[in-house]
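What follows is a set of notes on a single structure, which appears directly below.
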Amino acid sequence: MSARLVIMGPQGAGKGTQAARLAERLGVPAISTGDIFRANISAGTPLGRLVQEITAKGDLVPDEVTNDMVRDRLAQADAASGFILDGYPRNAAQVVELDGILADTGASLDAVIELTAHREELLARLQKRAQVEGRADDTDEAIARRLDIYAEQTAPLTAAYAERGLLVQVDGIGELDDVTARLLAALESLDAQV
Ligand code: AMP
């Protein structure tokens with residue numbers, strides 16, 4: 001099955017959870033830019049100090065910083081035969097950068113998954129997560145900011161991937177197992193078309 005994947009979808013759609021499940025099934029690493037930033041913030045690294053305030057507000061980290069980090073991560077051995085990127089690319093410039101990073105090693109994306117969910121459902125899930133996980137960017141302001149940025153900058157990217165025949169849209173609402181099964185079925189049907 002196709003192994004170089006991007007998973008997109010608004011915050012709260014269940015991307016992180018489903019990316020981890022798919023990664024296990026496909027035997028590739030799930031790479032979340034948000035998780036890498038959070039790990040650096042917790043460890044107090046220079047990168048963590050640089051991005052702490054930006055991420056807490058729900059704004060995007062500058063492209064140069066994010067792109068370099070993704071290039072380094074994709075160059076690691078475990079990502080050589082595949083990966084699931086969660087949270088990247090998030091704007092048009094990052095789409096171009098990711099194409100370049102992959103082209104440098106003769107690779108390209110196999111599919112881009114979009115997990116869909118309505119705004120009310122997302123807000124409800126994010127508010128619940130805020131109580132459970134206490135993420136710094138799960139304040140009401142930062143949640144609204146992240147959903148707005150997603151709608152303005154990230155959602156339009158799916159059109160470009162659809163034109164390339166890479167887009168797979170999957171309903172993110174429902175039981176975890178059902179959503180995972182939908183994702184696997186959608187990827188298989190995309191494979192069958194190629
Ligand atoms: P996430 O866990 O994907 O919601 O990411 C948490 C935060 O990390 C985002 O709100 C941004 O501040 C930052 N971030 C993650 N991925 C990116 C990206 N591709 N470009 C810029 N900032 C990002």
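Labels used: A, B, ... for chains in the order of the structure tokens, numbers from 1 for residues in each chain, and numbers from 1 for ligands as shown.
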
I want to know what sits within 8 Å of Leu115 of chain A, based on only C-alpha atoms, with residues of the same chain fewer than 2 positions away left out; could you give that as an MDAnalysis selection string? chainID A and resid 7:10 13:15 113 117 169:172

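Running DSSP on the backbone gives strand (DSSP E or B) for these residues within segment 4-194 of chain A: Arg4, Leu5, Val6, Ile7, Met8, Ala30, Ile31, Ser32, Phe83, Ile84, Leu85, Asp86, Ala111, Val112, Ile113, Glu114, Leu115, Thr116, Leu167, Val168, Gln169, Val170 and Asp171 of chain A.
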
If you take only C-alpha atoms and all ligand atoms and a cut-off of 8 Å, which residues of chain A touch ligand 1, and what are their nearest atom pairs and distances in Å to one decimal, in chain and number order, as a Markdown table?
| residue | atom | partner | partner_atom_place_in_ligand_line | distance |
| --- | --- | --- | --- | --- |
| A:Gln11 | CA | ligand 1 | 4 (O) | 5.8 |
| A:Gly16 | CA | ligand 1 | 2 (O) | 7.8 |
| A:Ser32 | CA | ligand 1 | 3 (O) | 6.5 |
| A:Thr33 | CA | ligand 1 | 16 (N) | 4.5 |
| A:Gly34 | CA | ligand 1 | 5 (O) | 3.5 |
| A:Asp35 | CA | ligand 1 | 2 (O) | 5.8 |
| A:Phe37 | CA | ligand 1 | 8 (O) | 6.1 |
| A:Arg38 | CA | ligand 1 | 8 (O) | 7.5 |
| A:Val51 | CA | ligand 1 | 12 (O) | 7.4 |
| A:Ile54 | CA | ligand 1 | 12 (O) | 5.7 |
| A:Thr55 | CA | ligand 1 | 12 (O) | 3.5 |
| A:Ala56 | CA | ligand 1 | 12 (O) | 6.9 |
| A:Lys57 | CA | ligand 1 | 12 (O) | 7.3 |
| A:Gly58 | CA | ligand 1 | 10 (O) | 4.3 |
| A:Asp59 | CA | ligand 1 | 12 (O) | 4.8 |
| A:Leu60 | CA | ligand 1 | 22 (N) | 3.8 |
| A:Val61 | CA | ligand 1 | 22 (N) | 3.9 |
| A:Pro62 | CA | ligand 1 | 21 (C) | 6.1 |
| A:Asp63 | CA | ligand 1 | 20 (N) | 6.2 |
| A:Thr66 | CA | ligand 1 | 20 (N) | 5.6 |
| A:Asn67 | CA | ligand 1 | 19 (N) | 7.8 |
| A:Asp86 | CA | ligand 1 | 3 (O) | 6.7 |
| A:Gly87 | CA | ligand 1 | 3 (O) | 4.3 |
| A:Tyr88 | CA | ligand 1 | 19 (N) | 4.0 |
| A:Pro89 | CA | ligand 1 | 19 (N) | 5.0 |
| A:Arg90 | CA | ligand 1 | 19 (N) | 4.8 |
| A:Asn91 | CA | ligand 1 | 20 (N) | 7.4 |
| A:Gln94 | CA | ligand 1 | 19 (N) | 7.2 |
| A:Asp137 | CA | ligand 1 | 10 (O) | 7.1 |
| A:Arg146 | CA | ligand 1 | 10 (O) | 6.0 |

As an MDAnalysis selection string, list the residues of chain A assigned to alpha helix (DSSP H) by DSSP on the backbone atoms of this structure. chainID A and resid 15:26 33:43 46:57 63:74 92:103 119:133 140:149 157:163 176:193

Test item: residues at most 7 Å from Val28 of chain A, only C-alpha atoms, excluding those fewer than 2 positions along its chain, as a PyMOL selection string: chain A and resi 23-24+26+30+79+82-83

Restricted to N, CA, C and O atoms, what would the selected residues look like written as a compact mmCIF listing (two decimals), in the first residue's frame?
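The resulting file, part-v1.txt, is reproduced below:
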# COMPACT_ATOMS: atom_id res chain seq x y z
N ALA A 23 -0.05 4.63 10.93
CA ALA A 23 1.41 4.41 10.89
C ALA A 23 1.72 3.00 11.37
O ALA A 23 2.55 2.29 10.78
N GLU A 24 1.03 2.59 12.43
CA GLU A 24 1.27 1.25 12.95
C GLU A 24 0.86 0.19 11.91
O GLU A 24 1.59 -0.76 11.67
N LEU A 26 0.69 0.51 8.70
CA LEU A 26 1.49 0.55 7.47
C LEU A 26 2.99 0.36 7.72
O LEU A 26 3.77 0.23 6.79
N ALA A 30 4.78 8.03 12.06
CA ALA A 30 3.89 9.19 12.00
C ALA A 30 4.73 10.38 12.44
O ALA A 30 5.33 10.35 13.52
N ALA A 79 12.33 7.07 7.94
CA ALA A 79 11.36 7.65 7.01
C ALA A 79 11.70 7.34 5.54
O ALA A 79 11.02 7.81 4.63
N GLY A 82 8.85 5.46 3.82
CA GLY A 82 7.51 5.97 3.98
C GLY A 82 7.32 6.73 5.28
O GLY A 82 8.18 6.69 6.17
N PHE A 83 6.18 7.44 5.35
CA PHE A 83 5.88 8.26 6.54
C PHE A 83 4.45 8.74 6.44
O PHE A 83 3.85 8.68 5.34

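The space separating atom CA of Ala75 of chain A from atom CA of Thr45 of chain A comes to 20.6 Å.
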